[in-house]
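Containing CSV, N, CA and C atoms: coords-v5.csv.
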```csv
chain,number,residue,atom,x,y,z
A,1,MET,N,-23.8,34.4,144.4
A,1,MET,CA,-23.9,33.9,145.7
A,1,MET,C,-22.6,33.4,146.2
A,2,LYS,N,-22.2,33.6,147.5
A,2,LYS,CA,-21.0,33.3,148.1
A,2,LYS,C,-20.9,31.8,148.3
A,3,GLU,N,-19.8,31.2,147.8
A,3,GLU,CA,-19.6,29.7,148.1
A,3,GLU,C,-19.2,29.5,149.5
A,4,LEU,N,-19.7,28.4,150.1
A,4,LEU,CA,-19.4,28.1,151.5
A,4,LEU,C,-18.1,27.4,151.6
A,5,ILE,N,-17.7,26.6,150.7
A,5,ILE,CA,-16.5,25.9,150.7
A,5,ILE,C,-15.8,26.2,149.3
A,6,ILE,N,-14.5,26.6,149.3
A,6,ILE,CA,-13.8,26.9,148.1
A,6,ILE,C,-12.6,26.1,147.9
A,7,ARG,N,-12.3,25.8,146.6
A,7,ARG,CA,-11.1,25.0,146.3
A,7,ARG,C,-10.0,26.0,145.9
A,8,VAL,N,-8.9,26.0,146.6
A,8,VAL,CA,-7.8,26.9,146.4
A,8,VAL,C,-6.5,26.2,146.3
A,9,LEU,N,-5.4,26.9,146.0
A,9,LEU,CA,-4.1,26.3,146.0
A,9,LEU,C,-3.3,27.0,147.2
A,10,MET,N,-2.9,26.1,148.1
A,10,MET,CA,-2.1,26.6,149.2
A,10,MET,C,-0.6,26.4,148.9
A,11,VAL,N,0.2,27.4,149.1
A,11,VAL,CA,1.6,27.4,148.8
A,11,VAL,C,2.4,27.7,150.1
A,12,GLU,N,3.1,26.7,150.6
A,12,GLU,CA,3.9,26.8,151.8
A,12,GLU,C,5.3,26.9,151.5
A,13,PRO,N,6.1,27.6,152.3
A,13,PRO,CA,7.6,27.6,152.0
A,13,PRO,C,8.2,26.2,152.0
A,14,LEU,N,9.1,26.0,151.0
A,14,LEU,CA,9.8,24.8,150.9
A,14,LEU,C,9.0,23.6,150.6
A,15,LYS,N,7.8,23.8,150.1
A,15,LYS,CA,6.9,22.6,149.8
A,15,LYS,C,6.2,22.9,148.4
A,16,ALA,N,5.8,21.8,147.8
A,16,ALA,CA,5.0,21.9,146.6
A,16,ALA,C,3.7,22.4,146.9
A,17,PRO,N,3.0,23.1,146.0
A,17,PRO,CA,1.7,23.6,146.2
A,17,PRO,C,0.7,22.5,146.3
A,18,LYS,N,-0.4,22.7,147.0
A,18,LYS,CA,-1.4,21.6,147.1
A,18,LYS,C,-2.8,22.2,147.1
A,19,GLU,N,-3.6,21.5,146.4
A,19,GLU,CA,-5.1,21.8,146.3
A,19,GLU,C,-5.7,21.5,147.6
A,20,VAL,N,-6.4,22.5,148.2
A,20,VAL,CA,-7.1,22.3,149.4
A,20,VAL,C,-8.5,22.9,149.3
A,21,TYR,N,-9.4,22.4,150.2
A,21,TYR,CA,-10.8,23.0,150.3
A,21,TYR,C,-10.9,23.7,151.6
A,22,LEU,N,-11.4,24.9,151.6
A,22,LEU,CA,-11.5,25.7,152.8
A,22,LEU,C,-12.9,26.2,153.0
A,23,LEU,N,-13.3,26.4,154.3
A,23,LEU,CA,-14.5,27.2,154.5
A,23,LEU,C,-14.2,28.6,154.1
A,24,ASN,N,-15.1,29.2,153.4
A,24,ASN,CA,-14.9,30.5,152.8
A,24,ASN,C,-15.2,31.6,153.9
A,25,TYR,N,-14.4,31.6,155.0
A,25,TYR,CA,-14.5,32.6,156.0
A,25,TYR,C,-13.2,33.2,156.2
A,26,ILE,N,-13.1,34.5,156.3
A,26,ILE,CA,-11.9,35.2,156.4
A,26,ILE,C,-11.1,34.8,157.7
A,27,LYS,N,-11.7,34.4,158.7
A,27,LYS,CA,-11.0,34.0,159.9
A,27,LYS,C,-10.2,32.7,159.7
A,28,VAL,N,-10.8,31.8,158.9
A,28,VAL,CA,-10.0,30.6,158.5
A,28,VAL,C,-8.8,31.0,157.7
A,29,ILE,N,-9.0,31.8,156.7
A,29,ILE,CA,-7.9,32.2,155.9
A,29,ILE,C,-6.8,33.0,156.7
A,30,ASN,N,-7.2,33.9,157.6
A,30,ASN,CA,-6.3,34.6,158.4
A,30,ASN,C,-5.4,33.7,159.2
A,31,THR,N,-6.0,32.6,159.8
A,31,THR,CA,-5.3,31.7,160.6
A,31,THR,C,-4.3,30.9,159.8
A,32,ILE,N,-4.6,30.6,158.5
A,32,ILE,CA,-3.7,29.8,157.7
A,32,ILE,C,-2.5,30.7,157.3
A,33,VAL,N,-2.7,31.9,156.9
A,33,VAL,CA,-1.6,32.8,156.5
A,33,VAL,C,-0.8,33.3,157.7
A,34,SER,N,-1.4,33.3,158.9
A,34,SER,CA,-0.7,33.8,160.1
A,34,SER,C,0.4,32.9,160.5
A,35,LYS,N,0.1,31.6,160.5
A,35,LYS,CA,1.1,30.5,160.9
A,35,LYS,C,1.6,30.8,162.3
A,36,SER,N,0.8,31.2,163.2
A,36,SER,CA,1.2,31.5,164.5
A,36,SER,C,0.1,31.1,165.5
A,37,ASN,N,0.5,30.6,166.7
A,37,ASN,CA,-0.4,30.3,167.7
A,37,ASN,C,-0.8,31.5,168.6
A,38,TYR,N,-0.1,32.6,168.5
A,38,TYR,CA,-0.3,33.7,169.4
A,38,TYR,C,-0.6,35.0,168.6
A,39,TYR,N,-0.6,35.0,167.3
A,39,TYR,CA,-0.8,36.2,166.5
A,39,TYR,C,-1.6,35.9,165.3
A,40,THR,N,-2.7,36.5,165.1
A,40,THR,CA,-3.4,36.3,163.9
A,40,THR,C,-3.5,37.6,163.1
A,41,CYS,N,-3.1,37.6,161.8
A,41,CYS,CA,-3.1,38.8,161.0
A,41,CYS,C,-4.3,38.8,160.1
A,42,ASP,N,-4.6,40.0,159.5
A,42,ASP,CA,-5.6,40.1,158.5
A,42,ASP,C,-4.9,39.8,157.2
A,43,ALA,N,-5.4,38.8,156.4
A,43,ALA,CA,-4.8,38.4,155.1
A,43,ALA,C,-4.9,39.6,154.2
A,44,GLU,N,-3.9,39.8,153.4
A,44,GLU,CA,-3.9,40.9,152.4
A,44,GLU,C,-4.1,40.2,151.0
A,45,LEU,N,-5.0,40.8,150.2
A,45,LEU,CA,-5.3,40.3,148.9
A,45,LEU,C,-4.4,41.0,147.8
A,46,LEU,N,-3.7,40.3,147.1
A,46,LEU,CA,-3.0,40.8,145.9
A,46,LEU,C,-3.6,40.2,144.7
A,47,VAL,N,-4.2,41.1,143.8
A,47,VAL,CA,-4.8,40.6,142.6
A,47,VAL,C,-3.7,40.4,141.6
A,48,ILE,N,-3.6,39.1,141.1
A,48,ILE,CA,-2.5,38.8,140.1
A,48,ILE,C,-3.0,38.7,138.7
A,49,GLU,N,-4.2,38.5,138.5
A,49,GLU,CA,-4.9,38.6,137.2
A,49,GLU,C,-6.3,38.7,137.4
A,50,ASP,N,-7.1,39.0,136.3
A,50,ASP,CA,-8.5,39.2,136.4
A,50,ASP,C,-9.1,37.9,137.0
A,51,GLY,N,-9.8,38.0,138.1
A,51,GLY,CA,-10.5,36.8,138.7
A,51,GLY,C,-9.6,35.9,139.6
A,52,VAL,N,-8.3,36.3,139.8
A,52,VAL,CA,-7.4,35.5,140.6
A,52,VAL,C,-6.6,36.4,141.5
A,53,GLY,N,-6.5,35.9,142.8
A,53,GLY,CA,-5.7,36.7,143.7
A,53,GLY,C,-4.9,35.8,144.7
A,54,ILE,N,-4.0,36.4,145.4
A,54,ILE,CA,-3.2,35.7,146.4
A,54,ILE,C,-3.5,36.4,147.7
A,55,LEU,N,-3.8,35.5,148.7
A,55,LEU,CA,-4.0,36.0,150.1
A,55,LEU,C,-2.8,35.6,150.9
A,56,ARG,N,-2.2,36.7,151.5
A,56,ARG,CA,-0.9,36.4,152.1
A,56,ARG,C,-0.8,37.3,153.4
A,57,ASN,N,0.2,37.0,154.2
A,57,ASN,CA,0.4,37.8,155.4
A,57,ASN,C,1.4,38.9,155.0
A,58,GLU,N,0.8,40.1,154.9
A,58,GLU,CA,1.6,41.3,154.5
A,58,GLU,C,2.8,41.5,155.5
A,59,GLU,N,2.7,41.1,156.7
A,59,GLU,CA,3.7,41.4,157.7
A,59,GLU,C,4.7,40.2,157.8
A,60,GLY,N,4.6,39.3,156.9
A,60,GLY,CA,5.5,38.1,157.0
A,60,GLY,C,6.9,38.4,157.2
A,61,PRO,N,7.5,39.3,156.4
A,61,PRO,CA,8.9,39.6,156.6
A,61,PRO,C,9.2,40.2,158.0
A,62,LEU,N,8.3,41.0,158.5
A,62,LEU,CA,8.5,41.6,159.9
A,62,LEU,C,8.4,40.5,161.0
A,63,LEU,N,7.7,39.4,160.7
A,63,LEU,CA,7.5,38.4,161.7
A,63,LEU,C,8.5,37.2,161.4
A,64,ASN,N,9.5,37.5,160.5
A,64,ASN,CA,10.5,36.5,160.2
A,64,ASN,C,10.0,35.2,159.6
A,65,LEU,N,8.9,35.3,158.9
A,65,LEU,CA,8.4,34.1,158.2
A,65,LEU,C,9.3,33.7,157.1
A,66,LYS,N,9.4,32.5,156.8
A,66,LYS,CA,10.3,32.0,155.8
A,66,LYS,C,9.9,32.5,154.4
A,67,GLY,N,10.9,32.9,153.6
A,67,GLY,CA,10.7,33.3,152.2
A,67,GLY,C,10.1,32.1,151.4
A,68,ASN,N,9.1,32.4,150.6
A,68,ASN,CA,8.3,31.4,149.9
A,68,ASN,C,8.6,31.4,148.4
A,69,ARG,N,7.9,32.3,147.7
A,69,ARG,CA,8.0,32.4,146.3
A,69,ARG,C,8.1,33.9,145.9
A,70,ARG,N,8.8,34.1,144.8
A,70,ARG,CA,8.9,35.5,144.3
A,70,ARG,C,7.7,35.8,143.3
A,71,ILE,N,7.1,36.9,143.5
A,71,ILE,CA,6.0,37.4,142.6
A,71,ILE,C,6.5,38.8,142.2
A,72,GLU,N,6.8,38.9,141.0
A,72,GLU,CA,7.4,40.1,140.4
A,72,GLU,C,8.6,40.5,141.2
A,73,ASN,N,8.7,41.7,141.9
A,73,ASN,CA,9.9,42.1,142.6
A,73,ASN,C,9.9,41.7,144.1
A,74,GLU,N,8.8,41.1,144.5
A,74,GLU,CA,8.7,40.8,145.9
A,74,GLU,C,8.7,39.3,146.2
A,75,ILE,N,9.4,39.0,147.3
A,75,ILE,CA,9.4,37.7,147.8
A,75,ILE,C,8.3,37.6,148.9
A,76,ILE,N,7.4,36.7,148.6
A,76,ILE,CA,6.3,36.5,149.6
A,76,ILE,C,6.8,35.6,150.8
A,77,ALA,N,6.6,36.1,152.0
A,77,ALA,CA,7.1,35.4,153.2
A,77,ALA,C,5.9,34.6,153.8
A,78,GLY,N,6.1,33.4,154.1
A,78,GLY,CA,5.1,32.6,154.8
A,78,GLY,C,4.1,31.9,153.7
A,79,THR,N,3.2,31.2,154.3
A,79,THR,CA,2.2,30.6,153.5
A,79,THR,C,1.3,31.6,152.8
A,80,PHE,N,0.9,31.3,151.5
A,80,PHE,CA,-0.1,32.1,150.8
A,80,PHE,C,-1.1,31.2,150.1
A,81,ILE,N,-2.2,31.7,149.8
A,81,ILE,CA,-3.3,31.0,149.1
A,81,ILE,C,-3.7,31.7,147.8
A,82,VAL,N,-3.8,30.9,146.8
A,82,VAL,CA,-4.2,31.4,145.5
A,82,VAL,C,-5.7,31.1,145.4
A,83,VAL,N,-6.5,32.1,145.2
A,83,VAL,CA,-8.0,32.0,145.3
A,83,VAL,C,-8.6,32.7,144.1
A,84,GLY,N,-9.8,32.2,143.7
A,84,GLY,CA,-10.6,32.9,142.7
A,84,GLY,C,-11.3,34.1,143.3
A,85,ILE,N,-11.6,35.1,142.5
A,85,ILE,CA,-12.4,36.3,142.9
A,85,ILE,C,-13.5,36.5,141.9
A,86,ASP,N,-14.7,36.6,142.4
A,86,ASP,CA,-15.8,36.9,141.5
A,86,ASP,C,-16.0,38.4,141.2
A,87,LYS,N,-16.9,38.8,140.4
A,87,LYS,CA,-17.0,40.2,140.0
A,87,LYS,C,-17.5,41.1,141.1
A,88,ASN,N,-18.0,40.5,142.2
A,88,ASN,CA,-18.3,41.3,143.4
A,88,ASN,C,-17.2,41.4,144.4
A,89,GLY,N,-16.1,40.8,144.1
A,89,GLY,CA,-15.0,40.8,145.1
A,89,GLY,C,-15.0,39.7,146.1
A,90,ASN,N,-15.9,38.7,146.0
A,90,ASN,CA,-16.0,37.6,146.9
A,90,ASN,C,-15.0,36.5,146.5
A,91,PHE,N,-14.5,35.8,147.4
A,91,PHE,CA,-13.6,34.6,147.1
A,91,PHE,C,-14.4,33.5,146.6
A,92,LYS,N,-13.8,32.8,145.6
A,92,LYS,CA,-14.5,31.6,145.0
A,92,LYS,C,-13.5,30.6,144.6
A,93,SER,N,-14.0,29.4,144.3
A,93,SER,CA,-13.1,28.3,143.9
A,93,SER,C,-12.3,28.6,142.6
A,94,LEU,N,-11.1,28.1,142.5
A,94,LEU,CA,-10.4,28.2,141.3
A,94,LEU,C,-11.0,27.2,140.3
A,95,THR,N,-10.9,27.6,139.0
A,95,THR,CA,-11.3,26.7,138.0
A,95,THR,C,-10.2,25.6,137.8
A,96,ASP,N,-10.5,24.6,137.1
A,96,ASP,CA,-9.4,23.6,136.8
A,96,ASP,C,-8.2,24.2,136.1
A,97,GLU,N,-8.5,25.1,135.2
A,97,GLU,CA,-7.5,25.7,134.4
A,97,GLU,C,-6.6,26.6,135.3
A,98,GLN,N,-7.2,27.4,136.1
A,98,GLN,CA,-6.5,28.3,137.0
A,98,GLN,C,-5.7,27.5,138.0
A,99,LEU,N,-6.2,26.4,138.6
A,99,LEU,CA,-5.5,25.6,139.5
A,99,LEU,C,-4.3,25.0,138.9
A,100,LEU,N,-4.4,24.5,137.7
A,100,LEU,CA,-3.2,23.9,137.0
A,100,LEU,C,-2.2,24.9,136.6
A,101,ARG,N,-2.7,26.1,136.2
A,101,ARG,CA,-1.7,27.2,135.8
A,101,ARG,C,-0.9,27.6,137.0
A,102,TYR,N,-1.5,27.8,138.1
A,102,TYR,CA,-0.8,28.3,139.3
A,102,TYR,C,0.0,27.2,140.0
A,103,TYR,N,-0.5,26.0,139.8
A,103,TYR,CA,0.3,24.9,140.4
A,103,TYR,C,1.7,24.8,139.6
A,104,ASP,N,1.6,24.9,138.3
A,104,ASP,CA,2.8,25.0,137.4
A,104,ASP,C,3.6,26.2,137.7
A,105,ARG,N,3.0,27.3,138.0
A,105,ARG,CA,3.8,28.6,138.3
A,105,ARG,C,4.6,28.4,139.6
A,106,PHE,N,4.0,27.8,140.6
A,106,PHE,CA,4.6,27.7,141.9
A,106,PHE,C,5.2,26.4,142.3
A,107,LYS,N,5.2,25.4,141.4
A,107,LYS,CA,5.7,24.1,141.7
A,107,LYS,C,7.2,24.0,142.1
A,108,GLU,N,8.0,24.9,141.5
A,108,GLU,CA,9.4,24.9,141.8
A,108,GLU,C,9.6,25.5,143.2
A,109,ILE,N,10.3,24.8,144.1
A,109,ILE,CA,10.5,25.3,145.4
A,109,ILE,C,11.6,26.3,145.4
A,110,GLU,N,11.4,27.4,146.0
A,110,GLU,CA,12.4,28.5,146.0
A,110,GLU,C,12.9,28.7,147.4
A,111,GLU,N,14.1,29.0,147.6
A,111,GLU,CA,14.7,29.2,148.9
A,111,GLU,C,15.4,30.5,148.9
A,112,TYR,N,15.1,31.3,150.0
A,112,TYR,CA,15.6,32.6,150.1
A,112,TYR,C,16.2,32.9,151.5
A,113,ALA,N,17.3,33.6,151.5
A,113,ALA,CA,17.9,34.1,152.8
A,113,ALA,C,17.0,35.1,153.4
A,114,ASP,N,16.9,35.2,154.7
A,114,ASP,CA,16.1,36.1,155.4
A,114,ASP,C,16.4,37.6,155.0
A,115,GLU,N,17.7,37.9,154.7
A,115,GLU,CA,18.0,39.2,154.3
A,115,GLU,C,17.4,39.6,153.0
A,116,ASP,N,17.3,38.6,152.1
A,116,ASP,CA,16.7,38.8,150.8
A,116,ASP,C,15.2,39.1,150.9
A,117,VAL,N,14.5,38.4,151.8
A,117,VAL,CA,13.1,38.6,152.0
A,117,VAL,C,12.8,40.0,152.6
A,118,ASN,N,13.6,40.4,153.6
A,118,ASN,CA,13.5,41.7,154.2
A,118,ASN,C,13.8,42.8,153.2
A,119,GLU,N,14.8,42.6,152.4
A,119,GLU,CA,15.2,43.7,151.4
A,119,GLU,C,14.1,43.8,150.4
A,120,SER,N,13.5,42.7,149.9
A,120,SER,CA,12.4,42.8,149.0
A,120,SER,C,11.2,43.5,149.6
A,121,TYR,N,10.9,43.2,150.8
A,121,TYR,CA,9.7,43.9,151.5
A,121,TYR,C,9.9,45.4,151.6
A,122,TRP,N,11.1,45.8,152.0
A,122,TRP,CA,11.3,47.3,152.2
A,122,TRP,C,11.4,47.9,150.8
A,123,TYR,N,11.9,47.3,149.8
A,123,TYR,CA,11.9,47.8,148.5
A,123,TYR,C,10.5,48.1,147.9
A,124,GLU,N,9.7,47.1,148.1
A,124,GLU,CA,8.3,47.2,147.6
A,124,GLU,C,7.6,48.3,148.4
A,125,LEU,N,7.8,48.4,149.7
A,125,LEU,CA,7.2,49.4,150.5
A,125,LEU,C,7.6,50.8,150.1
A,126,THR,N,8.9,51.0,149.8
A,126,THR,CA,9.3,52.3,149.4
A,126,THR,C,8.8,52.7,148.0
A,127,CYS,N,8.7,51.7,147.1
A,127,CYS,CA,8.1,52.0,145.8
A,127,CYS,C,6.6,52.4,146.0
A,128,PHE,N,5.9,51.7,146.9
A,128,PHE,CA,4.5,52.0,147.1
A,128,PHE,C,4.3,53.5,147.6
A,129,ILE,N,5.2,53.8,148.6
A,129,ILE,CA,5.1,55.2,149.2
A,129,ILE,C,5.4,56.2,148.1
A,130,ARG,N,6.4,56.0,147.3
A,130,ARG,CA,6.7,57.0,146.2
A,130,ARG,C,5.6,57.2,145.2
A,131,ASP,N,4.9,56.1,144.9
A,131,ASP,CA,3.8,56.2,143.9
A,131,ASP,C,2.7,57.0,144.4
```
Would you put the structure from the file into structure tokens?
Amino acid sequence: MKELIIRVLMVEPLKAPKEVYLLNYIKVINTIVSKSNYYTCDAELLVIEDGVGILRNEEGPLLNLKGNRRIENEIIAGTFIVVGIDKNGNFKSLTDEQLLRYYDRFKEIEEYADEDVNESYWYELTCFIRD
């Protein structure tokens, strides 16, 4: 059964991660990762381990959103949300263990030049197209 309110970790550029409770509606999530009064994107889900994903604005670098944290070869631009995922693909609350693990993973503030964010985006895009 889909949870109405979920406990997630919100990670904003140049800030420590914070535990937040959200209504489990995609429109709410889209608004958070868009960070814009005039443009709302569809959040993209990146699965980072079994049962955990990151919801982010895929177009963040194109919209000049601030570089946030590096995940593998890519610098995520703008705010992202770490969320649990159930076996049916629905979003769910993070467990205490998951919340602590990802808080520790993202607690260090990372700062990136706009050029680095854009370069990381285009590199990942060209790798995706080649595969």
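Across the model, the gap from atom CA of Ala113 of chain A to atom C of Leu62 of chain A is 14.1 Å.
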Just checking: using only C-alpha atoms, which residue out of A:Phe91, A:Tyr112, A:Phe80, A:Tyr102 ends up closest to Met10 of chain A? A:Phe80
With only N, CA and C atoms as the counted atoms, please give the residues lying no more than 6.5 Å from segment 115-118 of chain A, apart from itself and same-chain residues fewer than 6 positions off, as a PyMOL selection string. chain A and resi 61+67+75
Just the residues within 6.5 Å of Ile5 of chain A, please, counting all atoms listed in the file, with nothing from its chain fewer than 3 positions along; format it as a VMD selection string. chain A and resid 21 to 24 93
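Nearest to Glu119 of chain A of all the residues A:Leu63, A:Leu46, A:Arg101, A:Asn73 is A:Asn73, based on all atoms listed in the file.
A straight line drawn from atom CA of Gly78 of chain A to atom CA of Leu55 of chain A is 10.8 Å long.
Here the question is which of A:Asn64, A:Pro13, A:Glu3, A:Ile81 gets nearest to Leu99 of chain A using only C-alpha atoms, and that residue is A:Ile81.
Checking A:Leu94, A:Arg69, A:Asp86, A:Lys27 one by one against Ile6 of chain A, counting only N, CA and C atoms, you find the shortest gap at A:Leu94.
Of the residues listed (A:Val52, A:Thr79, A:Leu65, A:Leu45), A:Thr79 shows the shortest atom-to-atom separation from Val11 of chain A; distances use only C-alpha atoms.
The spacing separating atom CA of Leu14 of chain A from atom CA of Glu110 of chain A amounts to 6.7 Å.
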Which is closer to Tyr103 of chain A than all the others in A:Ile29, A:Ala16, A:Met1, A:Ile76, using all atoms listed in the file? A:Ala16
Check segment 29-106 of chain A with DSSP on the backbone and list each residue it calls helix (DSSP H, G or I), as a ChimeraX atom specification. /A:29-34,96-106
Residues of chain A classed as strand (DSSP E) by DSSP on the backbone are to be reported as a ChimeraX atom specification. /A:5-11,18-23,44-49,52-56,67-71,74-77,80-85,91-92
